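Here's coords12.cif, which has mmCIF, C-alpha atoms and all ligand atoms:
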data_work
loop_
_atom_site.label_atom_id
_atom_site.label_comp_id
_atom_site.auth_asym_id
_atom_site.auth_seq_id
_atom_site.Cartn_x
_atom_site.Cartn_y
_atom_site.Cartn_z
CA MET H 1 9.10 -0.99 15.50
CA THR H 2 10.92 -0.50 12.21
CA PRO H 3 14.73 -0.32 12.18
CA ALA H 4 14.39 3.30 11.03
CA LEU H 5 12.47 4.16 14.21
CA ARG H 6 14.94 2.20 16.33
CA GLN H 7 17.88 3.95 14.63
CA ALA H 8 16.29 7.34 15.17
CA ALA H 9 15.77 6.54 18.86
CA ALA H 10 19.34 5.26 19.22
CA ALA H 11 20.70 8.35 17.45
CA ALA H 12 18.79 10.52 19.89
CA GLY H 13 20.53 8.61 22.70
CA ALA H 14 17.21 7.53 24.14
CA GLU H 15 15.23 4.38 24.51
CA PRO H 16 12.18 4.72 22.27
CA ALA H 17 9.10 5.85 24.16
CA ALA H 18 6.74 2.97 24.98
CA PRO H 19 3.93 2.86 22.42
CA PRO H 20 0.54 3.98 23.72
CA ALA H 21 -1.63 1.20 25.15
CA PHE H 22 -3.50 -0.72 22.47
CA ASP H 23 -6.79 -2.33 23.42
CA VAL H 24 -7.50 -4.80 20.63
CA GLU H 25 -10.89 -5.84 22.03
CA ARG H 26 -12.05 -2.24 21.94
CA VAL H 27 -10.63 -1.83 18.42
CA ARG H 28 -12.49 -4.94 17.24
CA ARG H 29 -15.82 -3.45 18.31
CA ASP H 30 -15.18 -0.61 15.82
CA PHE H 31 -15.26 -3.09 12.89
CA PRO H 32 -18.81 -4.34 12.29
CA ALA H 33 -17.71 -6.91 9.68
CA LEU H 34 -15.93 -8.87 12.42
CA ASP H 35 -19.24 -9.48 14.12
CA GLN H 36 -20.44 -12.33 11.88
CA THR H 37 -20.12 -16.03 11.35
CA VAL H 38 -19.08 -17.69 8.08
CA HIS H 39 -19.92 -21.34 7.48
CA GLY H 40 -21.29 -21.30 11.01
CA LYS H 41 -17.94 -20.26 12.54
CA PRO H 42 -16.91 -16.84 13.87
CA LEU H 43 -15.10 -14.93 11.12
CA VAL H 44 -11.31 -14.86 11.40
CA TYR H 45 -10.20 -12.25 8.85
CA LEU H 46 -6.58 -12.74 7.76
CA ASP H 47 -6.67 -11.04 4.35
CA SER H 48 -5.96 -7.41 5.20
CA ALA H 49 -3.17 -7.12 2.60
CA ALA H 50 -5.85 -7.61 -0.08
CA THR H 51 -8.19 -5.15 1.57
CA ALA H 52 -8.64 -4.14 5.19
CA LEU H 53 -11.98 -4.16 6.99
CA LYS H 54 -13.56 -0.76 7.63
CA PRO H 55 -14.26 0.81 11.01
CA GLN H 56 -17.71 2.27 11.73
CA ALA H 57 -16.22 5.79 11.54
CA VAL H 58 -15.39 5.22 7.86
CA ILE H 59 -18.78 3.67 7.10
CA ASP H 60 -20.46 6.64 8.80
CA ALA H 61 -18.36 9.14 6.81
CA VAL H 62 -19.33 7.51 3.51
CA THR H 63 -22.98 7.24 4.51
CA GLY H 64 -22.88 10.88 5.59
CA VAL H 65 -21.84 11.98 2.12
CA TYR H 66 -24.66 10.11 0.40
CA SER H 67 -27.31 10.86 3.00
CA ARG H 68 -26.50 14.56 3.64
CA ASP H 69 -23.65 16.16 1.67
CA CYS H 70 -24.48 14.59 -1.67
CA ALA H 71 -23.17 17.11 -4.17
CA ASN H 72 -20.38 17.55 -6.66
CA ILE H 73 -17.24 19.36 -5.48
CA HIS H 74 -15.39 22.51 -6.56
CA ARG H 75 -18.25 23.76 -8.72
CA ALA H 76 -21.33 25.12 -6.99
CA VAL H 77 -22.07 27.77 -4.43
CA HIS H 78 -24.88 25.86 -2.78
CA LEU H 79 -24.33 24.64 0.74
CA LEU H 80 -24.27 20.91 0.00
CA SER H 81 -21.50 21.41 -2.53
CA GLN H 82 -19.60 23.57 -0.09
CA ARG H 83 -19.84 20.84 2.55
CA ALA H 84 -18.76 18.11 0.11
CA THR H 85 -15.83 20.26 -1.07
CA ALA H 86 -14.78 21.00 2.52
CA GLY H 87 -14.86 17.27 3.37
CA TYR H 88 -12.85 16.42 0.27
CA GLU H 89 -10.18 19.03 0.97
CA ARG H 90 -10.08 18.06 4.65
CA ALA H 91 -9.22 14.53 3.47
CA ARG H 92 -6.38 15.99 1.39
CA GLU H 93 -5.01 17.63 4.53
CA ALA H 94 -5.40 14.31 6.41
CA VAL H 95 -3.33 12.51 3.76
CA ARG H 96 -0.74 15.31 3.85
CA ARG H 97 -0.41 14.91 7.63
CA PHE H 98 -0.31 11.14 7.37
CA VAL H 99 2.57 11.07 4.86
CA ASN H 100 4.06 14.31 6.26
CA ALA H 101 4.19 16.14 2.95
CA GLY H 102 5.16 19.82 3.14
CA SER H 103 2.01 20.98 1.36
CA ALA H 104 -1.47 19.62 0.60
CA ASP H 105 -0.88 20.70 -3.01
CA GLU H 106 1.53 17.78 -3.28
CA ILE H 107 -1.30 15.28 -2.68
CA ILE H 108 -3.23 14.06 -5.73
CA PHE H 109 -6.28 11.87 -5.24
CA THR H 110 -6.33 8.69 -7.31
CA ARG H 111 -8.27 5.44 -7.42
CA GLY H 112 -5.42 3.77 -5.55
CA THR H 113 -1.78 2.80 -5.75
CA THR H 114 -2.19 1.32 -9.23
CA GLU H 115 -3.49 4.58 -10.64
CA GLY H 116 -0.82 6.61 -8.82
CA ILE H 117 1.98 4.56 -10.40
CA ASN H 118 0.34 4.69 -13.84
CA LEU H 119 0.00 8.46 -13.48
CA VAL H 120 3.74 8.86 -12.85
CA ALA H 121 4.71 6.36 -15.57
CA GLN H 122 2.50 8.02 -18.19
CA SER H 123 2.91 11.67 -17.21
CA TRP H 124 6.51 11.90 -15.94
CA GLY H 125 7.72 8.81 -17.81
CA ARG H 126 6.48 9.69 -21.28
CA ALA H 127 7.81 13.23 -20.92
CA ASN H 128 11.23 12.24 -19.57
CA LEU H 129 12.24 8.74 -20.64
CA ARG H 130 14.25 8.31 -23.85
CA GLU H 131 15.62 5.42 -25.89
CA GLY H 132 18.26 3.59 -23.83
CA ASP H 133 17.21 5.04 -20.45
CA GLU H 134 16.63 2.63 -17.59
CA VAL H 135 13.86 2.14 -15.03
CA LEU H 136 15.08 0.17 -12.02
CA ILE H 137 12.65 -1.93 -9.98
CA THR H 138 13.16 -4.90 -7.63
CA GLY H 139 12.27 -8.57 -7.87
CA LEU H 140 9.54 -8.34 -5.24
CA GLU H 141 7.26 -5.80 -6.86
CA HIS H 142 3.50 -6.18 -7.22
CA HIS H 143 2.35 -6.27 -10.86
CA SER H 144 1.17 -2.69 -10.50
CA ASN H 145 4.77 -1.57 -10.02
CA ILE H 146 5.96 -3.62 -13.01
CA VAL H 147 3.39 -3.38 -15.81
CA PRO H 148 3.02 0.44 -15.91
CA TRP H 149 6.82 0.65 -16.36
CA GLN H 150 6.78 -2.01 -19.07
CA LEU H 151 4.11 0.02 -20.87
CA VAL H 152 6.08 3.25 -20.76
CA CYS H 153 9.31 1.46 -21.66
CA GLY H 154 7.52 0.15 -24.75
CA GLN H 155 6.38 3.67 -25.60
CA THR H 156 9.76 5.37 -25.09
CA GLY H 157 12.47 2.78 -25.80
CA ALA H 158 13.62 2.74 -22.15
CA HIS H 159 14.55 -0.57 -20.48
CA LEU H 160 13.38 -2.22 -17.29
CA VAL H 161 16.19 -3.36 -14.97
CA VAL H 162 15.46 -5.56 -11.95
CA ALA H 163 17.41 -5.81 -8.68
CA PRO H 164 17.10 -9.40 -7.40
CA ILE H 165 15.82 -10.67 -4.06
CA THR H 166 17.67 -13.03 -1.73
CA ASP H 167 16.50 -16.48 -0.62
CA ASP H 168 15.04 -14.86 2.50
CA GLY H 169 13.10 -12.33 0.43
CA GLU H 170 15.31 -9.30 1.12
CA VAL H 171 16.54 -6.65 -1.29
CA ARG H 172 20.21 -5.89 -0.64
CA LEU H 173 21.39 -2.33 -1.04
CA GLU H 174 24.50 -3.53 -2.94
CA ASP H 175 22.26 -5.26 -5.50
CA VAL H 176 20.40 -2.02 -6.11
CA LYS H 177 23.57 0.06 -6.23
CA ALA H 178 25.17 -2.36 -8.69
CA ARG H 179 22.32 -1.67 -11.13
CA LEU H 180 22.29 2.11 -10.87
CA THR H 181 23.94 3.65 -13.93
CA ASP H 182 23.97 7.09 -15.52
CA ARG H 183 21.07 5.82 -17.65
CA THR H 184 18.86 5.07 -14.62
CA LYS H 185 16.17 7.75 -14.65
CA ILE H 186 13.82 6.41 -11.99
CA VAL H 187 13.85 3.74 -9.30
CA ALA H 188 10.39 2.36 -8.50
CA VAL H 189 10.35 0.29 -5.37
CA ALA H 190 7.89 -1.13 -2.85
CA GLN H 191 8.08 -0.02 0.76
CA VAL H 192 6.75 -3.43 1.83
CA SER H 193 6.24 -6.60 -0.23
CA ASN H 194 2.65 -7.84 -0.30
CA ALA H 195 3.68 -11.42 -1.08
CA LEU H 196 6.50 -11.78 1.48
CA GLY H 197 6.04 -9.01 4.03
CA THR H 198 9.60 -7.72 3.55
CA VAL H 199 10.20 -4.11 4.61
CA LEU H 200 12.74 -2.60 2.22
CA PRO H 201 15.70 -0.42 3.31
CA LEU H 202 14.15 2.60 1.61
CA ARG H 203 16.26 5.43 2.93
CA PRO H 204 19.63 4.08 1.68
CA ILE H 205 18.03 3.01 -1.63
CA ILE H 206 16.63 6.52 -2.12
CA ASP H 207 19.97 8.15 -1.21
CA ALA H 208 21.85 5.89 -3.63
CA ALA H 209 19.34 6.58 -6.42
CA HIS H 210 19.58 10.33 -5.88
CA ASP H 211 23.40 10.14 -5.87
CA ALA H 212 23.10 8.45 -9.27
CA GLY H 213 20.80 11.24 -10.51
CA ALA H 214 17.61 9.12 -10.56
CA LEU H 215 14.21 9.90 -9.09
CA VAL H 216 12.46 7.47 -6.73
CA LEU H 217 8.84 6.36 -6.66
CA VAL H 218 7.77 4.36 -3.60
CA ASP H 219 4.84 1.95 -3.81
CA GLY H 220 3.38 2.45 -0.36
CA ALA H 221 0.32 0.19 -0.75
CA GLN H 222 1.44 -2.15 2.05
CA GLY H 223 3.82 0.21 3.83
CA ALA H 224 1.40 3.03 4.58
CA PRO H 225 -1.02 0.88 6.63
CA HIS H 226 1.58 -1.08 8.58
CA VAL H 227 4.75 0.98 9.05
CA GLY H 228 3.59 4.52 8.19
CA VAL H 229 5.64 6.99 6.20
CA ASP H 230 7.33 10.38 6.35
CA VAL H 231 7.99 11.44 2.76
CA GLN H 232 10.14 14.38 3.82
CA ALA H 233 12.39 12.24 6.03
CA LEU H 234 12.63 9.60 3.28
CA GLY H 235 13.21 12.13 0.53
CA CYS H 236 11.30 10.09 -2.08
CA ASP H 237 10.01 11.96 -5.13
CA PHE H 238 6.69 10.11 -5.43
CA TYR H 239 4.74 7.95 -2.97
CA ALA H 240 1.58 6.05 -3.95
CA LEU H 241 -0.95 4.57 -1.50
CA SER H 242 -4.39 2.90 -1.49
CA GLY H 243 -7.10 4.02 0.93
CA HIS H 244 -8.73 0.58 1.09
CA LYS H 245 -5.65 -1.04 2.63
CA LEU H 246 -5.60 1.77 5.19
CA TYR H 247 -9.05 0.79 6.53
CA GLY H 248 -10.74 3.21 4.10
CA PRO H 249 -13.11 2.59 1.15
CA THR H 250 -12.11 0.97 -2.12
CA GLY H 251 -11.60 3.17 -5.17
CA ALA H 252 -9.78 6.01 -3.40
CA GLY H 253 -6.06 6.52 -2.93
CA ALA H 254 -3.42 9.19 -3.09
CA LEU H 255 -0.18 10.06 -4.80
CA PHE H 256 2.39 12.34 -3.18
CA GLY H 257 4.74 14.10 -5.60
CA LYS H 258 7.30 16.81 -4.97
CA ARG H 259 5.76 20.08 -6.06
CA ALA H 260 8.53 21.06 -8.51
CA LEU H 261 8.14 17.73 -10.34
CA LEU H 262 4.34 17.88 -10.41
CA GLU H 263 4.44 21.40 -11.80
CA GLU H 264 6.66 20.28 -14.68
CA MET H 265 4.62 17.17 -15.48
CA PRO H 266 1.89 17.24 -18.14
CA PRO H 267 -1.67 16.22 -17.16
CA TYR H 268 -2.38 12.51 -17.18
CA GLN H 269 -6.03 12.81 -18.20
CA GLY H 270 -8.04 15.72 -19.57
CA GLY H 271 -11.53 16.81 -18.58
CA GLY H 272 -13.49 18.95 -16.17
CA ASP H 273 -12.05 20.31 -12.91
CA MET H 274 -8.43 20.24 -14.18
CA ILE H 275 -8.51 23.40 -16.28
CA LEU H 276 -8.23 27.15 -15.86
CA SER H 277 -9.77 27.94 -19.24
CA VAL H 278 -10.65 26.07 -22.42
CA THR H 279 -10.98 27.30 -26.00
CA PHE H 280 -10.79 25.20 -29.13
CA GLU H 281 -7.36 26.69 -29.76
CA GLU H 282 -5.82 26.34 -26.32
CA THR H 283 -6.45 25.00 -22.83
CA LEU H 284 -4.76 26.33 -19.73
CA TYR H 285 -4.48 23.85 -16.89
CA ALA H 286 -5.32 24.36 -13.24
CA GLU H 287 -2.54 24.43 -10.65
CA VAL H 288 -1.39 21.23 -8.96
CA PRO H 289 -2.93 19.08 -7.59
CA HIS H 290 -6.12 19.83 -9.59
CA LYS H 291 -4.25 19.52 -12.90
CA PHE H 292 -4.15 15.77 -12.22
CA GLU H 293 -7.74 15.33 -11.02
CA ALA H 294 -9.88 15.35 -14.17
CA GLY H 295 -13.58 14.64 -13.84
CA THR H 296 -15.84 13.97 -10.87
CA PRO H 297 -13.75 11.98 -8.39
CA ASN H 298 -14.74 9.36 -5.84
CA ILE H 299 -15.91 12.02 -3.40
CA ALA H 300 -17.38 9.70 -0.78
CA GLY H 301 -14.39 7.35 -1.07
CA VAL H 302 -11.90 10.16 -0.55
CA ILE H 303 -13.85 11.50 2.43
CA GLY H 304 -13.98 7.96 3.82
CA MET H 305 -10.20 7.67 3.38
CA GLY H 306 -9.80 10.89 5.35
CA ALA H 307 -11.94 9.40 8.13
CA ALA H 308 -9.80 6.23 8.08
CA ILE H 309 -6.65 8.29 8.54
CA GLU H 310 -8.23 10.21 11.42
CA TYR H 311 -9.23 6.87 12.97
CA LEU H 312 -5.67 5.55 12.66
CA GLU H 313 -4.20 8.75 14.05
CA ALA H 314 -6.46 8.48 17.10
CA LEU H 315 -5.35 4.86 17.70
CA GLY H 316 -1.68 5.62 17.10
CA VAL H 317 0.07 4.13 14.07
CA GLN H 318 3.03 3.11 16.23
CA ALA H 319 0.81 1.30 18.73
CA ALA H 320 -0.86 -0.62 15.90
CA GLU H 321 2.56 -1.41 14.45
CA ALA H 322 3.80 -2.81 17.77
CA HIS H 323 0.60 -4.90 18.13
CA GLU H 324 1.05 -6.35 14.63
CA ALA H 325 4.77 -7.03 15.21
CA ALA H 326 3.94 -9.10 18.31
CA LEU H 327 1.34 -11.05 16.31
CA LEU H 328 3.84 -11.68 13.52
CA ALA H 329 6.30 -13.19 15.99
CA TYR H 330 3.57 -15.37 17.48
CA GLY H 331 2.18 -16.38 14.07
CA THR H 332 5.63 -17.35 12.80
CA GLU H 333 6.09 -19.60 15.85
CA VAL H 334 2.66 -21.22 15.43
CA LEU H 335 3.10 -21.91 11.70
CA GLU H 336 6.64 -23.22 12.07
CA ALA H 337 5.42 -25.72 14.66
CA ILE H 338 2.98 -27.34 12.19
CA PRO H 339 4.62 -30.24 10.35
CA GLY H 340 4.85 -29.70 6.59
CA VAL H 341 4.37 -25.92 6.68
CA ARG H 342 7.14 -23.80 5.13
CA ILE H 343 7.08 -20.01 5.41
CA VAL H 344 8.14 -18.19 2.24
CA GLY H 345 9.79 -14.85 3.01
CA LYS H 346 11.94 -14.64 6.12
CA ALA H 347 13.28 -11.12 5.91
CA ARG H 348 14.72 -9.75 9.16
CA ASP H 349 12.50 -6.70 8.82
CA LYS H 350 8.94 -7.82 8.07
CA VAL H 351 5.36 -6.76 8.55
CA ALA H 352 2.61 -9.15 9.57
CA VAL H 353 2.34 -11.15 6.36
CA LEU H 354 2.73 -14.94 6.57
CA SER H 355 3.09 -16.51 3.15
CA PHE H 356 3.49 -20.26 3.27
CA VAL H 357 3.28 -23.53 1.39
CA MET H 358 2.52 -27.04 2.65
CA ASP H 359 4.10 -30.19 1.30
CA ALA H 360 0.78 -31.99 1.48
CA ALA H 361 -1.69 -29.57 -0.08
CA HIS H 362 -1.99 -27.04 -2.87
CA PRO H 363 -2.54 -23.46 -1.64
CA HIS H 364 -6.05 -23.39 -3.16
CA ASP H 365 -7.00 -26.51 -1.20
CA ILE H 366 -5.55 -24.93 1.94
CA GLY H 367 -7.62 -21.80 1.31
CA THR H 368 -10.83 -23.76 0.80
CA ILE H 369 -10.40 -25.91 3.89
CA VAL H 370 -9.49 -23.06 6.21
CA ASP H 371 -12.43 -21.03 4.82
CA ALA H 372 -14.76 -23.82 5.93
CA GLU H 373 -13.33 -23.22 9.42
CA GLY H 374 -14.22 -19.52 9.17
CA VAL H 375 -10.65 -18.39 8.42
CA ALA H 376 -10.25 -16.01 5.44
CA ILE H 377 -6.81 -16.07 3.81
CA ARG H 378 -5.68 -15.38 0.24
CA THR H 379 -4.11 -17.99 -1.99
CA GLY H 380 -2.47 -17.60 -5.40
CA HIS H 381 0.39 -15.53 -6.77
CA HIS H 382 -0.77 -12.33 -5.04
CA CYS H 383 -0.23 -10.31 -8.24
CA ALA H 384 3.50 -10.90 -7.79
CA GLN H 385 4.18 -13.72 -10.25
CA PRO H 386 7.92 -12.96 -10.50
CA VAL H 387 8.20 -13.54 -6.74
CA MET H 388 6.61 -16.96 -7.12
CA GLU H 389 8.96 -17.74 -10.01
CA ARG H 390 11.94 -16.70 -7.85
CA TYR H 391 11.02 -19.42 -5.34
CA CYS H 392 9.99 -21.94 -8.02
CA ILE H 393 6.41 -22.15 -6.76
CA ALA H 394 3.13 -21.33 -8.49
CA ALA H 395 1.35 -19.93 -5.47
CA THR H 396 1.36 -19.53 -1.70
CA ALA H 397 -1.28 -19.36 0.98
CA ARG H 398 -1.07 -16.00 2.71
CA ALA H 399 -2.34 -14.85 6.08
CA SER H 400 -2.03 -11.08 6.33
CA LEU H 401 -2.86 -9.29 9.54
CA GLY H 402 -4.41 -6.00 10.48
CA LEU H 403 -4.70 -4.03 13.68
CA TYR H 404 -7.88 -5.92 14.71
CA ASN H 405 -6.28 -9.38 14.71
CA THR H 406 -5.54 -11.34 17.87
CA ARG H 407 -3.55 -14.33 19.08
CA GLU H 408 -6.85 -16.25 19.03
CA ASP H 409 -7.08 -15.56 15.27
CA ILE H 410 -3.61 -17.09 14.83
CA ASP H 411 -4.62 -20.07 16.96
CA ALA H 412 -7.70 -20.57 14.75
CA LEU H 413 -5.45 -20.54 11.67
CA GLY H 414 -3.11 -23.01 13.36
CA ARG H 415 -6.02 -25.39 14.14
CA ALA H 416 -7.35 -25.11 10.58
CA LEU H 417 -3.91 -25.86 9.12
CA THR H 418 -3.51 -28.86 11.41
CA ARG H 419 -6.80 -30.08 9.94
CA VAL H 420 -5.37 -29.60 6.41
CA GLN H 421 -2.31 -31.58 7.44
CA GLU H 422 -4.52 -34.39 8.82
CA MET H 423 -6.61 -34.52 5.64
CA PHE H 424 -3.73 -34.46 3.17
CA GLY H 425 -0.65 -35.44 5.18
N1 LIG Y 1 1.41 -2.51 -4.58
C1 LIG Y 1 1.39 -3.43 -3.60
C2 LIG Y 1 2.64 -3.70 -2.82
C3 LIG Y 1 0.20 -4.10 -3.32
O1 LIG Y 1 0.17 -4.98 -2.34
C4 LIG Y 1 -0.97 -3.81 -4.07
C5 LIG Y 1 -2.25 -4.56 -3.86
C6 LIG Y 1 -0.89 -2.81 -5.04
C7 LIG Y 1 0.31 -2.20 -5.28
C8 LIG Y 1 -2.09 -2.39 -5.83
O2 LIG Y 1 -2.97 -1.73 -5.00
P1 LIG Y 1 -4.41 -1.28 -5.56
O3 LIG Y 1 -5.12 -0.81 -4.33
O4 LIG Y 1 -4.18 -0.21 -6.56
O5 LIG Y 1 -5.03 -2.51 -6.16
N2 LIG Y 1 -2.09 -5.82 -3.27
C9 LIG Y 1 -3.00 -6.79 -3.14
C10 LIG Y 1 -2.77 -7.99 -2.45
O6 LIG Y 1 -1.72 -8.27 -1.88
N3 LIG Y 1 -3.86 -8.76 -2.51
O7 LIG Y 1 -4.80 -8.11 -3.22
C11 LIG Y 1 -4.28 -6.88 -3.61
#
Representation of the structure as structure tokens:
Amino acid sequence: MTPALRQAAAAAGAEPAAPPAFDVERVRRDFPALDQTVHGKPLVYLDSAATALKPQAVIDAVTGVYSRDCANIHRAVHLLSQRATAGYERAREAVRRFVNAGSADEIIFTRGTTEGINLVAQSWGRANLREGDEVLITGLEHHSNIVPWQLVCGQTGAHLVVAPITDDGEVRLEDVKARLTDRTKIVAVAQVSNALGTVLPLRPIIDAAHDAGALVLVDGAQGAPHVGVDVQALGCDFYALSGHKLYGPTGAGALFGKRALLEEMPPYQGGGDMILSVTFEETLYAEVPHKFEAGTPNIAGVIGMGAAIEYLEALGVQAAEAHEAALLAYGTEVLEAIPGVRIVGKARDKVAVLSFVMDAAHPHDIGTIVDAEGVAIRTGHHCAQPVMERYCIAATARASLGLYNTREDIDALGRALTRVQEMFG
């Protein structure tokens, strides 16, 4: 359970309700990709931060679009198009519920978190940033919450300011506050670090940014699947997520934006489906969210993302969170007991990401050897090179967990790492 949930329960004077029962063996049967061997060994999938496996319900939803409701949306009266449009808009309502936005009009479909952040940087940023303004980020951001801001800073003359991370991989509120000035126009911050697993203290960061007159964009790529979100309770201005990390298809994601901001922002791309009327002299744009959805979107992907959210809702996000928290505690114990393994990122509030290095072996060698044992992990800089630089390393090996993982998966990783230690140690 996140500290925010604990605090809310404490404030209500009650012990938090026990999470609903979570039957991981039943959950695993929903994920057909788990039912295979790799290199002759049963697959142990520990790379969910890169992309999560998909439950059958999502696969069926995508197949259903292509095998039955295969039509373009928002543009024809025929029944197939009506069904595709209904599925697409139902997914918008599912995302609204999932992030608890006040209105489905505040949900824009994107390709993923990367596109959501680029949309805000190019649409809001180009219209609002001026020479000398500041964009504040933190030292643990993924490249997709750094590079779009560098681009718009280059276009507008604004500057990028970075709040540092501690040795444990935390972002301290004081370090953010110390960098908020009257020139800070937006704070762009991850909810959860993909490289370290750190959960950031979002609510106080958002309050401090608003007190300083800045907007806040939250990169929810890793937060949405593992700790959930309530954009109204947080008060953030923008929230970007990726469907594929939420057990949905690749190529579909969503951006929440407060309606008043979205209405003021110019379109990000022009084309079909985002207009009211077009003449060569003047184009009038459609209302939000359609103003930001030019062209034929990833209809099947969006509908699949809606199915993924409905799947998660049925399981209970809190139950999955509790299951993953128990696995993180167990995984930390197992890894720390292996000689030569050092975990990178020891924040007090973490999700189930175990980034580590070994004295004896390079992360790429670790990845190759554990793969031969059937264990899929990611190695490299995880698109967070400044994080690696902060710890003076080039790369880590990273095991990242999802709701289908088990203690046996951790044990398999432990055995594979012991083998690495024997080979190189
Ligand atoms: N932000 C964070 C915190 C991420 O972890 C990622 C992807 C992104 C943004 C970009 O998401 P996308 O869906 O638009 O690509 N992170 C990872 C990872 O950790 N391994 O592969 C992709």
(Q) Please determine, counting all atoms listed in the file, which residue among H:Val38, H:Val288, H:Cys70, H:Ile108 has the shortest atom-to-atom distance to Leu276 in chain H. (A) H:Val288
(Q) Give me, as number ranges by chain, the set of residues whose atoms come within 8 Å of any atom of ligand LIG 1 (chain Y), counting only C-alpha atoms and all ligand atoms. (A) H: 47, 49-51, 111-116, 141-145, 190-195, 219-223, 241-245, 250-251, 253, 378, 382-383
Limited to C-alpha atoms, could you put the picked residues into a file as a compact mmCIF listing (two decimals), keeping the file's coordinate frame?
# COMPACT_ATOMS: atom_id res chain seq x y z
CA ASP H 47 -6.67 -11.04 4.35
CA ALA H 49 -3.17 -7.12 2.60
CA ALA H 50 -5.85 -7.61 -0.08
CA THR H 51 -8.19 -5.15 1.57
CA ARG H 111 -8.27 5.44 -7.42
CA GLY H 112 -5.42 3.77 -5.55
CA THR H 113 -1.78 2.80 -5.75
CA THR H 114 -2.19 1.32 -9.23
CA GLU H 115 -3.49 4.58 -10.64
CA GLY H 116 -0.82 6.61 -8.82
CA GLU H 141 7.26 -5.80 -6.86
CA HIS H 142 3.50 -6.18 -7.22
CA HIS H 143 2.35 -6.27 -10.86
CA SER H 144 1.17 -2.69 -10.50
CA ASN H 145 4.77 -1.57 -10.02
CA ALA H 190 7.89 -1.13 -2.85
CA GLN H 191 8.08 -0.02 0.76
CA VAL H 192 6.75 -3.43 1.83
CA SER H 193 6.24 -6.60 -0.23
CA ASN H 194 2.65 -7.84 -0.30
CA ALA H 195 3.68 -11.42 -1.08
CA ASP H 219 4.84 1.95 -3.81
CA GLY H 220 3.38 2.45 -0.36
CA ALA H 221 0.32 0.19 -0.75
CA GLN H 222 1.44 -2.15 2.05
CA GLY H 223 3.82 0.21 3.83
CA LEU H 241 -0.95 4.57 -1.50
CA SER H 242 -4.39 2.90 -1.49
CA GLY H 243 -7.10 4.02 0.93
CA HIS H 244 -8.73 0.58 1.09
CA LYS H 245 -5.65 -1.04 2.63
CA THR H 250 -12.11 0.97 -2.12
CA GLY H 251 -11.60 3.17 -5.17
CA GLY H 253 -6.06 6.52 -2.93
CA ARG H 378 -5.68 -15.38 0.24
CA HIS H 382 -0.77 -12.33 -5.04
CA CYS H 383 -0.23 -10.31 -8.24
Q) Which is closest to Val161 in chain H among H:Gly132, H:Gly374, H:Gly270, H:Gly306, if we use all atoms listed in the file? A) H:Gly132
**Q.** One-decimal distance in Å that lies between CA of Gln318 in chain H and CA of Ile343 in chain H
**A.** 25.8 Å
Centre and size of axis-aligned box enclosing range 183-200 of chain H plus 4 Å each side, as JSON:
{"center_x": 11.9, "center_y": -2.0, "center_z": -6.5, "size_x": 26.4, "size_y": 27.5, "size_z": 30.3}
Q.
Under the rule that all atoms listed in the file are counted, which of H:His39, H:Arg342, H:Arg126, H:Arg75 is the nearest residue to Pro266 in chain H?
A. H:Arg126
Q.
What's around Pro249 in chain H at 10 Å? Count only C-alpha atoms, leave out sequence neighbours fewer than 6 positions away in its own chain, and write the answer as an NGL selection string.
A. :H and (51-54 or 58-59 or 62 or 242-243 or 298 or 300-308)
(Q) Residues near Phe424 in chain H, anyone? I mean within 10 Å using only C-alpha atoms, not counting same-chain ones fewer than 4 positions away, as a list of chain:residue names. (A)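 These residues fall inside the cut-off: H:Met358, H:Asp359, H:Ala360, H:Ala361, H:His362, H:Asp365, H:Ile366, H:Thr418, H:Arg419, H:Val420.
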Q) Hey, which of H:Ala252, H:Ala394, H:Leu401, H:Val334 ends up closest to Glu321 in chain H? Count all atoms listed in the file. A)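 Counting all atoms listed in the file, the residue closest to Glu321 in chain H is H:Leu401.
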Q | For Pro267 in chain H: contacts at 10 Å, all atoms listed in the file, fewer than 2 positions along chain excluded, given as a list of chain:residue names | A |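 These residues fall inside the cut-off: H:Leu119, H:Gln122, H:Ser123, H:Trp124, H:Leu262, H:Glu263, H:Glu264, H:Met265, H:Gln269, H:Gly270, H:Gly271, H:Met274, H:Ile275, H:Tyr285, H:Ala286, H:Val288, H:His290, H:Lys291, H:Phe292, H:Glu293, H:Ala294.
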Prev. selection, C-alpha atoms, output as a tab-separated table (two decimals), keeping the file's coordinate frame:
chain	number	residue	atom	x	y	z
H	119	LEU	CA	0.00	8.46	-13.48
H	122	GLN	CA	2.50	8.02	-18.19
H	123	SER	CA	2.91	11.67	-17.21
H	124	TRP	CA	6.51	11.90	-15.94
H	262	LEU	CA	4.34	17.88	-10.41
H	263	GLU	CA	4.44	21.40	-11.80
H	264	GLU	CA	6.66	20.28	-14.68
H	265	MET	CA	4.62	17.17	-15.48
H	269	GLN	CA	-6.03	12.81	-18.20
H	270	GLY	CA	-8.04	15.72	-19.57
H	271	GLY	CA	-11.53	16.81	-18.58
H	274	MET	CA	-8.43	20.24	-14.18
H	275	ILE	CA	-8.51	23.40	-16.28
H	285	TYR	CA	-4.48	23.85	-16.89
H	286	ALA	CA	-5.32	24.36	-13.24
H	288	VAL	CA	-1.39	21.23	-8.96
H	290	HIS	CA	-6.12	19.83	-9.59
H	291	LYS	CA	-4.25	19.52	-12.90
H	292	PHE	CA	-4.15	15.77	-12.22
H	293	GLU	CA	-7.74	15.33	-11.02
H	294	ALA	CA	-9.88	15.35	-14.17
(Q) Which residues are close to range 322-324 of chain H, i.e. within 10 Å by all atoms listed in the file, leaving aside same-chain residues fewer than 2 positions away? Reply as a ChimeraX atom specification. (A) /H:1-2,18-24,226-227,317-320,326-330,351-353,401-406
